[in-house]
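Next up, start_39.txt (compact mmCIF, C-alpha atoms):
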# COMPACT_ATOMS: atom_id res chain seq x y z
CA MET A 1 0.00 0.00 0.00
CA SER A 2 1.36 3.42 -0.94
CA THR A 3 2.02 6.16 1.59
CA ALA A 4 -0.62 8.37 -0.05
CA VAL A 5 -3.29 5.72 0.46
CA GLU A 6 -2.24 5.17 4.08
CA ASP A 7 -2.35 8.92 4.66
CA ARG A 8 -5.83 9.16 3.13
CA ASP A 9 -7.08 6.26 5.24
CA SER A 10 -5.65 7.81 8.43
CA ARG A 11 -7.36 11.13 7.68
CA ARG A 12 -10.67 9.42 6.94
CA LEU A 13 -10.54 7.24 10.05
CA ALA A 14 -9.67 10.27 12.22
CA TRP A 15 -12.66 12.14 10.76
CA CYS A 16 -14.99 9.24 11.58
CA VAL A 17 -13.53 8.73 15.07
CA ALA A 18 -14.11 12.42 15.81
CA HIS A 19 -17.80 11.96 14.99
CA VAL A 20 -18.06 8.78 17.08
CA LEU A 21 -16.40 10.50 20.07
CA ARG A 22 -19.29 12.96 20.21
CA HIS A 23 -21.57 10.19 21.42
CA ALA A 24 -19.20 8.20 23.69
CA SER A 25 -18.81 8.48 27.45
CA ASP A 26 -15.39 9.45 28.82
CA HIS A 27 -14.09 5.96 29.50
CA ILE A 28 -15.19 4.77 26.05
CA ALA A 29 -13.54 7.81 24.47
CA LEU A 30 -10.28 7.05 26.29
CA ALA A 31 -10.39 3.43 25.11
CA LEU A 32 -10.83 4.61 21.50
CA LEU A 33 -8.03 7.17 21.76
CA HIS A 34 -5.60 4.57 23.09
CA ARG A 35 -6.26 2.33 20.05
CA LEU A 36 -5.34 4.93 17.43
CA ASP A 37 -1.99 4.71 15.70
CA ARG A 38 0.26 7.76 15.56
CA PRO A 39 -0.78 9.14 12.11
CA THR A 40 -4.49 8.78 12.86
CA ARG A 41 -4.04 10.40 16.29
CA LYS A 42 -2.23 13.32 14.64
CA TYR A 43 -5.07 13.92 12.19
CA LEU A 44 -7.63 13.54 14.98
CA CYS A 45 -5.96 16.31 17.01
CA ARG A 46 -6.20 18.55 13.94
CA ASP A 47 -9.79 17.59 13.09
CA GLU A 48 -12.38 20.33 12.74
CA TRP A 49 -15.06 18.36 14.59
CA LEU A 50 -13.03 17.25 17.63
CA PRO A 51 -15.48 17.53 20.58
CA ALA A 52 -14.61 19.55 23.68
CA SER A 53 -14.48 16.56 26.04
CA ALA A 54 -12.13 14.72 23.67
CA VAL A 55 -9.82 17.75 23.67
CA THR A 56 -9.74 17.69 27.47
CA LEU A 57 -8.99 13.97 27.56
CA LEU A 58 -6.22 14.33 24.97
CA LEU A 59 -4.60 17.17 26.90
CA ARG A 60 -4.87 15.29 30.18
CA HIS A 61 -3.83 11.81 29.08
CA GLY A 62 -1.96 12.47 25.82
CA GLY A 63 1.62 13.42 25.13
CA GLU A 64 3.49 16.46 23.89
CA ALA A 65 2.68 15.59 20.28
CA ASP A 66 -1.07 15.72 21.04
CA ARG A 67 -0.70 19.10 22.73
CA HIS A 68 1.39 20.36 19.82
CA TYR A 69 -1.24 19.51 17.21
CA ILE A 70 -4.22 20.64 19.30
CA ALA A 71 -2.53 24.00 19.96
CA ARG A 72 -2.38 24.53 16.20
CA ASN A 73 -5.97 23.48 15.55
CA PRO A 74 -7.78 26.75 14.72
CA HIS A 75 -11.16 25.22 15.61
CA VAL A 76 -10.26 24.45 19.26
CA VAL A 77 -11.44 27.71 20.80
CA GLY A 78 -11.05 28.99 24.34
CA ARG A 79 -8.30 26.59 25.43
CA PRO A 80 -5.34 27.80 27.54
CA LEU A 81 -2.83 26.93 24.82
CA PRO A 82 -0.21 28.96 22.91
CA GLY A 83 -1.66 31.08 20.17
CA LEU A 84 -5.29 30.61 21.24
CA PRO A 85 -7.68 32.96 23.11
CA GLY A 86 -7.27 32.59 26.84
CA PRO A 87 -5.78 34.26 29.94
CA ALA A 88 -3.20 36.17 27.88
CA ARG A 89 -6.00 38.33 26.52
CA TYR A 90 -6.80 39.49 30.05
CA ALA A 91 -3.15 39.78 31.14
CA ARG A 92 -2.56 42.44 28.47
CA ARG A 93 -5.30 44.61 29.98
CA ARG A 94 -3.97 47.41 32.13
CA THR A 95 -5.24 47.54 35.72
CA PRO A 96 -7.65 50.50 36.16
CA ALA A 97 -6.01 53.42 37.91
CA GLY A 98 -8.70 53.67 40.58
CA LEU A 99 -8.57 50.03 41.62
CA LEU A 100 -5.37 49.99 43.69
CA PRO A 101 -6.46 52.78 46.08
CA LEU A 102 -9.79 50.98 46.53
CA LEU A 103 -8.08 47.66 47.26
CA ARG A 104 -5.66 49.41 49.62
CA ALA A 105 -8.60 50.82 51.58
CA GLU A 106 -10.41 47.48 51.68
CA LEU A 107 -7.31 45.57 52.83
CA GLY A 108 -6.11 48.15 55.33
CA ARG A 109 -2.62 47.90 53.81
CA ASP A 110 -0.78 48.35 50.53
CA PRO A 111 -0.90 45.20 48.34
CA ALA A 112 2.73 45.93 47.42
CA ASP A 113 3.81 45.28 51.02
CA GLY A 114 3.45 41.51 50.56
CA PRO A 115 1.47 38.86 48.70
CA LEU A 116 -2.21 38.52 49.54
CA THR A 117 -3.16 35.62 51.78
CA THR A 118 -5.95 33.24 50.80
CA GLY A 119 -8.32 34.96 53.25
CA GLU A 120 -7.54 38.42 51.90
CA LEU A 121 -7.83 37.25 48.32
CA THR A 122 -11.21 35.59 48.83
CA GLY A 123 -12.47 38.70 50.64
CA LEU A 124 -11.56 40.86 47.65
CA LEU A 125 -12.96 38.36 45.16
CA ARG A 126 -16.31 38.34 46.96
CA ARG A 127 -16.59 42.10 46.45
CA HIS A 128 -15.21 42.39 42.92
CA GLY A 129 -16.55 39.42 40.96
CA ILE A 130 -20.30 39.66 41.26
CA ARG A 131 -21.17 38.95 37.62
CA ARG A 132 -18.30 39.27 35.13
CA PRO A 133 -14.67 38.21 35.68
CA ARG A 134 -12.90 41.42 34.62
CA ALA A 135 -12.58 43.07 38.05
CA ALA A 136 -11.69 39.73 39.66
CA LEU A 137 -9.00 39.20 37.01
CA ASP A 138 -7.53 42.59 37.97
CA VAL A 139 -7.42 41.45 41.59
CA LEU A 140 -5.69 38.21 40.58
CA ARG A 141 -2.93 40.21 38.86
CA LEU A 142 -1.70 41.24 42.32
CA PRO A 143 0.85 39.01 44.10
CA TYR A 144 -0.90 36.35 46.17
CA GLU A 145 -0.32 33.03 47.87
CA LEU A 146 -3.27 30.72 47.37
CA ASP A 147 -3.97 27.60 49.42
CA PRO A 148 -6.38 25.47 47.31
CA ASP A 149 -7.81 23.64 50.35
CA GLN A 150 -8.47 26.88 52.21
CA LEU A 151 -10.04 28.37 49.07
CA ALA A 152 -12.39 25.38 48.81
CA ALA A 153 -13.26 25.72 52.50
CA GLU A 154 -13.97 29.46 52.10
CA HIS A 155 -16.18 28.76 49.09
CA ALA A 156 -18.06 26.05 51.02
CA ARG A 157 -18.60 28.46 53.92
CA ARG A 158 -19.78 31.30 51.67
CA PRO A 159 -19.75 30.77 47.90
CA LEU A 160 -17.71 33.11 45.75
CA PRO A 161 -19.69 35.07 43.13
CA PRO A 162 -19.74 33.64 39.58
CA GLY A 163 -17.34 36.24 38.17
CA SER A 164 -14.68 35.43 40.74
CA ALA A 165 -15.04 31.67 40.29
CA GLU A 166 -14.72 32.16 36.53
CA ALA A 167 -11.61 34.32 36.97
CA LEU A 168 -9.98 31.66 39.15
CA LEU A 169 -10.69 29.05 36.49
CA LEU A 170 -9.15 31.31 33.87
CA VAL A 171 -5.81 32.19 35.48
CA ALA A 172 -5.26 30.28 38.74
CA ASP A 173 -3.48 26.93 38.58
CA LEU A 174 -6.00 25.01 40.67
CA PRO A 175 -6.10 21.25 41.25
CA GLU A 176 -9.12 19.36 39.94
CA LYS A 177 -10.52 18.92 43.46
CA THR A 178 -10.68 22.70 43.95
CA VAL A 179 -12.16 23.24 40.49
CA ARG A 180 -14.97 20.85 41.37
CA ALA A 181 -15.50 22.64 44.70
CA LEU A 182 -15.95 25.99 42.96
CA LEU A 183 -18.89 24.55 41.00
CA THR A 184 -20.98 23.78 44.09
CA ALA A 185 -23.41 26.09 45.88
CA PRO A 186 -26.07 25.75 48.61
CA ALA A 187 -29.43 24.61 47.32
CA ALA A 188 -31.08 27.66 48.90
CA ASP A 189 -29.02 30.12 46.83
CA ALA A 190 -30.95 31.79 44.04
CA ASP A 191 -29.72 31.29 40.48
CA GLY A 192 -28.57 34.72 39.33
CA PRO A 193 -28.10 35.71 35.69
CA SER A 194 -24.44 34.58 35.65
CA TRP A 195 -24.56 31.39 37.72
CA HIS A 196 -23.77 29.20 34.67
CA ARG A 197 -20.58 30.98 33.60
CA PRO A 198 -18.09 29.04 35.80
CA ALA A 199 -19.48 25.71 34.55
CA VAL A 200 -19.23 26.74 30.89
CA ARG A 201 -15.75 28.13 31.48
CA ALA A 202 -14.57 24.95 33.22
CA VAL A 203 -15.44 22.90 30.12
CA ARG A 204 -14.09 25.44 27.65
CA MET A 205 -10.79 25.80 29.52
CA GLY A 206 -10.31 22.04 29.46
CA ARG A 207 -10.56 21.70 33.25
CA LEU A 208 -13.48 19.23 33.14
CA THR A 209 -15.34 17.15 30.59
CA HIS A 210 -19.11 17.35 30.29
CA GLU A 211 -19.46 14.05 32.12
CA GLU A 212 -17.26 15.25 35.00
CA LEU A 213 -19.25 18.48 35.14
CA VAL A 214 -22.49 16.53 35.57
CA ALA A 215 -20.90 14.54 38.39
CA CYS A 216 -19.77 17.58 40.42
CA VAL A 217 -22.13 20.52 39.83
CA ALA A 218 -24.44 21.07 42.80
CA PRO A 219 -27.28 21.64 43.43
CA ALA A 220 -28.76 19.16 40.96
CA ARG A 221 -31.21 21.63 39.43
CA ARG A 222 -28.29 23.57 37.96
CA THR A 223 -27.11 20.51 36.05
CA LEU A 224 -30.57 20.05 34.59
CA LEU A 225 -30.61 23.71 33.57
CA LEU A 226 -27.15 23.40 32.00
CA GLY A 227 -28.61 20.70 29.77
CA HIS A 228 -30.88 23.34 28.23
CA LEU A 229 -29.34 26.81 28.46
CA PRO A 230 -31.40 29.27 26.42
CA ALA A 231 -29.59 31.05 23.61
CA CYS A 232 -28.97 34.70 24.54
CA PRO A 233 -26.03 37.14 24.54
CA GLY A 234 -23.10 36.40 26.83
CA LEU A 235 -21.07 33.31 27.63
CA ARG A 236 -23.15 30.29 26.64
CA TRP A 237 -22.63 26.82 25.25
CA THR A 238 -21.71 26.65 21.62
CA LEU A 239 -23.94 24.32 19.64
CA PRO A 240 -21.56 21.30 19.87
CA GLU A 241 -21.00 22.00 23.58
CA GLN A 242 -24.76 22.16 24.15
CA ALA A 243 -25.17 18.80 22.42
CA GLY A 244 -22.35 17.31 24.51
CA MET A 245 -23.86 18.62 27.73
CA ARG A 246 -27.29 17.23 26.86
CA ALA A 247 -25.71 13.86 26.08
CA ALA A 248 -23.91 13.79 29.45
CA VAL A 249 -27.06 14.79 31.37
CA THR A 250 -29.10 12.20 29.47
CA ARG A 251 -26.60 9.48 30.43
CA ALA A 252 -26.93 10.51 34.09
CA LEU A 253 -30.73 10.29 33.79
CA ALA A 254 -30.67 6.86 32.12
CA PRO A 255 -31.69 4.95 35.32
CA LEU A 256 -35.07 6.71 35.17
CA ALA A 257 -35.75 5.01 31.81
CA ASP A 258 -39.24 5.94 30.58
CA ASP A 259 -41.05 5.60 33.93
CA PRO A 260 -43.35 8.67 34.26
CA ARG A 261 -43.50 8.24 38.03
CA LEU A 262 -39.73 8.52 38.42
CA TRP A 263 -39.55 11.58 36.14
CA SER A 264 -42.30 13.21 38.16
CA GLU A 265 -40.38 12.50 41.36
CA LEU A 266 -37.24 13.95 39.80
CA LEU A 267 -39.04 17.19 38.98
CA ARG A 268 -40.51 17.35 42.50
CA HIS A 269 -37.20 16.92 44.27
CA ALA A 270 -34.89 18.78 41.88
CA PRO A 271 -35.56 22.36 43.12
CA GLY A 272 -34.28 21.74 46.64
CA PHE A 273 -31.93 18.77 46.35
CA PRO A 274 -28.47 19.89 47.57
CA GLY A 275 -26.28 17.25 45.91
CA PRO A 276 -25.25 16.63 42.30
CA LEU A 277 -27.57 15.12 39.73
CA PRO A 278 -26.30 11.49 39.92
CA GLU A 279 -27.06 11.46 43.66
CA LEU A 280 -30.56 12.80 43.01
CA VAL A 281 -31.20 10.16 40.34
CA ALA A 282 -29.97 7.40 42.67
CA ALA A 283 -32.18 8.70 45.49
CA VAL A 284 -35.24 8.94 43.23
CA THR A 285 -34.81 5.43 41.82
CA ALA A 286 -34.24 4.02 45.33
CA GLY A 287 -37.19 5.96 46.79
CA THR A 288 -35.01 7.67 49.43
CA ALA A 289 -35.14 11.26 48.17
CA GLY A 290 -37.17 12.39 51.20
CA SER A 291 -39.51 15.35 51.28
CA PRO A 292 -38.97 17.88 48.50
CA ASP A 293 -38.11 21.42 49.48
CA GLY A 294 -37.48 24.05 46.83
CA PRO A 295 -34.96 26.86 47.20
CA ASP A 296 -37.74 29.35 47.86
CA GLY A 297 -39.38 27.21 50.54
CA SER A 298 -41.80 25.42 48.20
CA ASP A 299 -41.60 22.23 46.22
CA ALA A 300 -42.81 23.83 42.98
CA PRO A 301 -40.18 23.87 40.21
CA HIS A 302 -39.54 27.10 38.35
CA ASP A 303 -40.66 27.36 34.73
CA ASP A 304 -37.08 27.10 33.38
CA LEU A 305 -36.43 23.93 35.37
CA ALA A 306 -39.70 22.32 34.33
CA ARG A 307 -38.97 23.19 30.70
CA ALA A 308 -35.45 21.72 30.93
CA VAL A 309 -36.75 18.46 32.41
CA ARG A 310 -39.44 18.17 29.73
CA ARG A 311 -36.81 18.52 27.01
CA LEU A 312 -34.64 15.84 28.62
CA ALA A 313 -37.44 13.35 29.31
CA PRO A 314 -38.17 10.63 26.75
CA THR A 315 -41.23 11.36 24.64
CA ALA A 316 -43.50 9.19 22.56
CA ALA A 317 -42.90 9.33 18.82
CA GLU A 318 -45.26 11.76 17.15
CA PRO A 319 -47.43 10.38 14.37
CA ALA A 320 -45.82 10.94 10.99
CA THR A 321 -47.44 13.59 8.82
CA GLY A 322 -46.76 14.67 5.26
CA GLY A 323 -48.05 11.62 3.44
CA VAL A 324 -46.47 10.92 0.08
CA GLU A 325 -44.21 13.97 0.25
CA ARG A 326 -42.65 12.72 3.48
CA GLU A 327 -42.12 9.26 2.02
CA LEU A 328 -40.39 10.80 -0.97
CA ALA A 329 -38.23 12.95 1.33
CA LEU A 330 -37.17 9.89 3.35
CA ALA A 331 -36.40 7.97 0.16
CA SER A 332 -34.32 10.87 -1.16
CA LEU A 333 -31.94 10.52 1.82
CA ALA A 334 -30.82 7.18 0.37
CA VAL A 335 -30.27 8.60 -3.13
CA PRO A 336 -27.63 11.37 -3.11
CA MET A 337 -28.17 13.95 -5.84
CA GLU A 338 -25.66 14.92 -8.50
CA THR A 339 -23.92 17.54 -6.35
CA VAL A 340 -23.56 18.05 -2.62
CA GLU A 341 -24.99 21.58 -2.92
CA GLU A 342 -28.18 20.27 -4.55
CA ASP A 343 -28.49 17.59 -1.85
CA VAL A 344 -28.08 20.20 0.89
CA ARG A 345 -30.71 22.51 -0.63
CA TRP A 346 -33.19 19.62 -0.81
CA VAL A 347 -32.65 18.49 2.79
CA ARG A 348 -32.85 22.04 4.13
CA ASP A 349 -36.08 22.62 2.23
CA CYS A 350 -37.56 19.40 3.64
CA LEU A 351 -36.51 20.45 7.18
CA ASP A 352 -38.13 23.86 6.72
CA ARG A 353 -41.38 22.31 5.47
CA GLY A 354 -41.48 19.83 8.37
CA LEU A 355 -41.18 16.78 6.14
CA LEU A 356 -37.92 15.72 7.80
CA THR A 357 -36.33 16.08 11.21
CA GLY A 358 -32.74 15.74 12.33
CA ALA A 359 -33.61 12.31 13.73
CA ASP A 360 -34.90 11.22 10.30
CA VAL A 361 -31.58 12.18 8.72
CA ILE A 362 -29.62 10.09 11.24
CA ARG A 363 -31.86 7.07 10.69
CA HIS A 364 -32.22 7.17 6.90
CA LYS A 365 -29.36 9.05 5.26
CA LEU A 366 -26.53 7.05 3.80
CA PRO A 367 -23.68 6.56 4.03
CA ALA A 368 -23.66 6.63 7.81
CA CYS A 369 -20.58 8.86 8.04
CA TRP A 370 -22.42 11.55 6.05
CA ALA A 371 -25.43 11.33 8.34
CA LEU A 372 -23.19 12.00 11.38
CA ASP A 373 -21.57 15.02 9.69
CA GLU A 374 -24.00 17.94 9.45
CA VAL A 375 -21.97 19.55 6.65
CA HIS A 376 -23.24 16.85 4.28
CA TRP A 377 -26.88 17.68 4.87
CA LEU A 378 -26.93 21.27 6.18
CA GLY A 379 -23.99 22.65 4.25
CA ALA A 380 -20.76 24.31 5.33
CA VAL A 381 -20.93 27.16 7.82
CA ASP A 382 -18.52 29.97 8.64
CA HIS A 383 -17.74 28.36 11.99
CA PRO A 384 -18.49 24.84 13.29
CA ASP A 385 -19.93 26.27 16.51
CA ARG A 386 -22.94 27.73 14.72
CA TYR A 387 -25.77 26.55 12.49
CA ASP A 388 -28.83 28.37 11.23
CA ARG A 389 -30.96 25.31 12.08
CA PRO A 390 -29.81 24.37 15.60
CA GLY A 391 -32.97 22.38 16.33
CA ALA A 392 -32.20 19.91 13.53
CA VAL A 393 -28.59 19.52 14.70
CA LEU A 394 -29.57 18.90 18.33
CA ALA A 395 -32.26 16.41 17.29
CA ALA A 396 -29.77 14.55 15.09
CA ARG A 397 -27.15 14.42 17.84
CA ALA A 398 -29.73 13.21 20.39
CA GLU A 399 -30.96 10.45 18.06
CA ALA A 400 -27.39 9.33 17.36
CA ASP A 401 -26.72 9.28 21.12
CA ARG A 402 -29.77 7.08 21.62
CA LEU A 403 -28.82 4.66 18.84
CA PHE A 404 -25.21 4.31 19.96
CA ALA A 405 -26.20 3.77 23.60
CA LEU A 406 -28.93 1.27 22.70
CA ALA A 407 -26.74 -0.79 20.35
CA LEU A 408 -23.26 -0.56 21.88
CA GLY A 409 -23.79 0.11 25.58
CA GLU A 410 -20.48 0.26 27.48
CA ASP A 411 -18.51 -2.21 25.34
CA PRO A 412 -15.29 -0.51 24.11
CA ASP A 413 -14.67 -3.28 21.55
CA ALA A 414 -18.04 -2.65 19.91
CA TRP A 415 -17.38 1.10 19.75
CA TRP A 416 -13.99 0.44 18.16
CA ARG A 417 -15.52 -1.89 15.56
CA VAL A 418 -18.01 0.82 14.63
CA ALA A 419 -15.25 3.43 14.32
CA ARG A 420 -13.19 1.13 12.10
CA THR A 421 -16.18 0.14 9.95
CA LEU A 422 -17.68 3.61 9.53
CA PRO A 423 -15.28 5.04 6.88
CA ASP A 424 -16.08 2.34 4.29
CA PHE A 425 -19.68 1.48 5.18
CA ALA A 426 -22.23 2.37 2.51
CA GLY A 427 -25.45 1.85 4.51
CA THR A 428 -27.32 3.79 7.18
CA LEU A 429 -26.22 4.17 10.78
CA PRO A 430 -28.87 1.77 12.22
CA HIS A 431 -27.79 -0.83 9.64
CA LEU A 432 -24.14 -0.35 10.61
CA LEU A 433 -24.86 -0.75 14.32
CA LEU A 434 -26.94 -3.87 13.65
CA ARG A 435 -24.21 -5.49 11.54
CA VAL A 436 -21.46 -4.71 14.06
CA THR A 437 -23.40 -5.85 17.13
CA ASP A 438 -24.43 -9.04 15.34
CA GLY A 439 -20.75 -9.89 14.92
CA ASP A 440 -20.76 -9.48 11.16
CA SER A 441 -18.47 -6.50 10.63
CA VAL A 442 -18.31 -5.30 7.05
CA SER A 443 -15.09 -3.36 7.47
CA THR A 444 -12.46 -4.03 4.82
CA ARG A 445 -9.72 -2.72 7.07
CA PRO A 446 -7.17 -5.12 8.63
What would the structure in this file look like if it were written as structure tokens?
Amino acid sequence: MSTAVEDRDSRRLAWCVAHVLRHASDHIALALLHRLDRPTRKYLCRDEWLPASAVTLLLRHGGEADRHYIARNPHVVGRPLPGLPGPARYARRRTPAGLLPLLRAELGRDPADGPLTTGELTGLLRRHGIRRPRAALDVLRLPYELDPDQLAAEHARRPLPPGSAEALLLVADLPEKTVRALLTAPAADADGPSWHRPAVRAVRMGRLTHEELVACVAPARRTLLLGHLPACPGLRWTLPEQAGMRAAVTRALAPLADDPRLWSELLRHAPGFPGPLPELVAAVTAGTAGSPDGPDGSDAPHDDLARAVRRLAPTAAEPATGGVERELALASLAVPMETVEEDVRWVRDCLDRGLLTGADVIRHKLPACWALDEVHWLGAVDHPDRYDRPGAVLAARAEADRLFALALGEDPDAWWRVARTLPDFAGTLPHLLLRVTDGDSVSTRP
């Protein structure tokens, strides 16, 4: 086999693995990453569609070569790596002239006389990081000596405001235990307009994966809300991050299955439950959740929380409408048109007219690797974080999550067989999963 063919195969496999990693839990993703040879791993680190959690796992468990290639991937945004947006942007900002006299008055001494202690630093951060991190970042430019355990204890005693927690995640070299501690709050605390920013920043800075975020964020209602953050100005999930967060929350809610009683109990107990979401799910399924008590003294969930739970709960399939036109639209997914542009225009038109959904594309479009890549049915966009039809993308990702989980479960070997088979498979994704799980792989690869 020539080098050019090997190079092409490595690129194609890396592209398919990147799409499969979107739908895999962390331990499955690690198992897949460890099985890649060096050329494929190089192309994966440079792939446009590398999910955020996979970036975090590669930086944490990979080598210098992985970090080298990820640092030069223009599509990996917000990571603390050379040449990419991050703390350096804030370090270049000059400290406001009026801040030092104010800090001097608050401390009772000149900050230049010695580094700030952990107690002094947390006191300043409580006053200067209410919503956004800019003022807190100015405070963190002063010399300080930070004890991570004492910081976690101070936060547990009286939580730091979101802006200060975000600033610490941006510039302070904190251990993972302290990072997790900064994402907890008392259940009685109200959710202000910026409560979500530290959680989003922790994922975007590569401190935590989506799955780890679900396991540590407390109270549990915040995790449910993170699974459905409304789109509005400010720091929010990008579209791929939103899909990854929903997938992680859905995996945590899997023990509830489709039992309406358990979902009702979840919604009743979520407003006032103090622990993370996995603990709430375990308590609900075991019947030990106790008496619900919301953060405002009632057990009634807020509208945003109820809406988030409804979007995460399994729903019955709606009856198909559209008649002959819908049947023709479904059939067209199996017959690519002469050009990709013509195919994209047809699929987008069918989505706009309600003849197709994102889930239909995942189930019926072939080949399977094109169904998993939105570019082949929604067209190229100026940036992979955005799409003009986000509902179709989220529905497609959710359906793919469901199919992968249903067919492959937690078997790393099955996930690897799918990743190896996907580049050369000509059928649909359900057909691929059926063939692989039946032990009849159609891959032509060695």
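If you look at atom CA of A:Lys42 and atom CA of A:Arg67, they are 10.1 Å away from each other.
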For stretch 323-338 of chain A: contacts at 12 Å, only C-alpha atoms, fewer than 2 positions along chain excluded, given as a PyMOL selection string
chain A and resi 319-321+340-351+353-368+370-371+376-377+426-429
Residues within 12 Å of A:Asp304, all atoms listed in the file, excluding chain neighbours under 4 positions, as a VMD selection string:
chain A and resid 191 221 to 222 224 to 230 267 271 300 308 to 311
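The list of residues with at least one atom within 8 Å of stretch 242-246 of chain A, based on all atoms listed in the file and without residues fewer than 2 positions apart in the same chain, reads Arg22, His23, Pro51, His210, Glu211, Leu226, Gly227, His228, Leu229, Trp237, Thr238, Leu239, Pro240, Ala248, Val249, Thr250, Leu312, Leu394, Arg397 and Ala398 of chain A.
Within 9 Å of A:Ala24, once only C-alpha atoms are used and residues closer than 6 positions along the same chain are dropped, the contacting residues are A:Ala247, A:Asp401, A:Phe404, A:Ala405, A:Glu410, A:Trp415.
Comparing A:Gly192, A:Asp438, A:Thr223, A:Pro233 by their smallest distance to A:Val281, the closest is A:Thr223 (using all atoms listed in the file).
Closest approach to A:Leu30 from the set A:Glu48, A:Arg60, A:Ala270, A:Ala65 is made by A:Arg60, with distances taken over all atoms listed in the file.
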Using all atoms listed in the file, which residues sit within 10 Å of A:Ala257 once same-chain residues fewer than 5 positions away are excluded, as a ChimeraX atom specification?
/A:262-263,313-314
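Put simply, atom CA of A:Pro278 is 8.1 Å away from atom CA of A:Ala220.
Picture a line from atom CA of A:Ala181 to atom CA of A:Ala152; it runs 5.8 Å.
Counting all atoms listed in the file and comparing A:Leu137, A:Asp411, A:Tyr144, A:Asp424, the residue that lies closest to A:Leu169 is A:Leu137.
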Do you know which residues lie at most 12 Å from (-8.5, 25.3, 49.7), with coordinates as in the file and all atoms listed in the file counted, and could you write them as a ChimeraX atom specification?
/A:117-119,122,145-157,174-182
With distances taken over only C-alpha atoms, which residue among A:Ala136, A:Leu432, A:Leu280, A:Met205 lies nearest A:Ala218?
A:Leu280
Could you get me a file of stretch 35-39 of chain A with all heavy atoms, as an mmCIF file, in the first residue's frame, taken from the block above?
data_model
loop_
_atom_site.group_PDB
_atom_site.id
_atom_site.type_symbol
_atom_site.label_atom_id
_atom_site.label_comp_id
_atom_site.auth_asym_id
_atom_site.auth_seq_id
_atom_site.Cartn_x
_atom_site.Cartn_y
_atom_site.Cartn_z
ATOM 1 N N ARG A 35 -6.393 3.316 21.134
ATOM 2 C CA ARG A 35 -6.255 2.334 20.055
ATOM 3 C C ARG A 35 -5.804 2.958 18.743
ATOM 4 O O ARG A 35 -5.544 2.242 17.777
ATOM 5 C CB ARG A 35 -7.574 1.601 19.838
ATOM 6 C CG ARG A 35 -8.045 0.833 21.064
ATOM 7 C CD ARG A 35 -9.213 -0.055 20.731
ATOM 8 N NE ARG A 35 -9.765 -0.690 21.929
ATOM 9 C CZ ARG A 35 -10.445 -1.815 21.930
ATOM 10 N NH1 ARG A 35 -10.652 -2.455 20.799
ATOM 11 N NH2 ARG A 35 -10.929 -2.320 23.045
ATOM 12 N N LEU A 36 -5.714 4.277 18.680
ATOM 13 C CA LEU A 36 -5.335 4.933 17.431
ATOM 14 C C LEU A 36 -3.826 4.883 17.229
ATOM 15 O O LEU A 36 -3.055 5.078 18.168
ATOM 16 C CB LEU A 36 -5.797 6.398 17.449
ATOM 17 C CG LEU A 36 -7.304 6.645 17.565
ATOM 18 C CD1 LEU A 36 -7.579 8.135 17.629
ATOM 19 C CD2 LEU A 36 -8.041 6.015 16.393
ATOM 20 N N ASP A 37 -3.420 4.644 15.992
ATOM 21 C CA ASP A 37 -1.991 4.711 15.701
ATOM 22 C C ASP A 37 -1.569 6.182 15.603
ATOM 23 O O ASP A 37 -2.395 7.097 15.627
ATOM 24 C CB ASP A 37 -1.654 3.942 14.427
ATOM 25 C CG ASP A 37 -2.435 4.435 13.216
ATOM 26 O OD1 ASP A 37 -2.878 5.604 13.223
ATOM 27 O OD2 ASP A 37 -2.623 3.672 12.262
ATOM 28 N N ARG A 38 -0.271 6.395 15.481
ATOM 29 C CA ARG A 38 0.260 7.758 15.557
ATOM 30 C C ARG A 38 -0.256 8.667 14.446
ATOM 31 O O ARG A 38 -0.684 9.808 14.722
ATOM 32 C CB ARG A 38 1.790 7.714 15.548
ATOM 33 C CG ARG A 38 2.446 9.061 15.803
ATOM 34 C CD ARG A 38 3.948 8.922 15.984
ATOM 35 N NE ARG A 38 4.569 10.206 16.231
ATOM 36 C CZ ARG A 38 5.863 10.363 16.471
ATOM 37 N NH1 ARG A 38 6.659 9.303 16.519
ATOM 38 N NH2 ARG A 38 6.370 11.557 16.664
ATOM 39 N N PRO A 39 -0.264 8.245 13.160
ATOM 40 C CA PRO A 39 -0.782 9.144 12.110
ATOM 41 C C PRO A 39 -2.254 9.497 12.305
ATOM 42 O O PRO A 39 -2.647 10.657 12.136
ATOM 43 C CB PRO A 39 -0.558 8.346 10.815
ATOM 44 C CG PRO A 39 0.509 7.367 11.141
ATOM 45 C CD PRO A 39 0.298 7.001 12.573
#
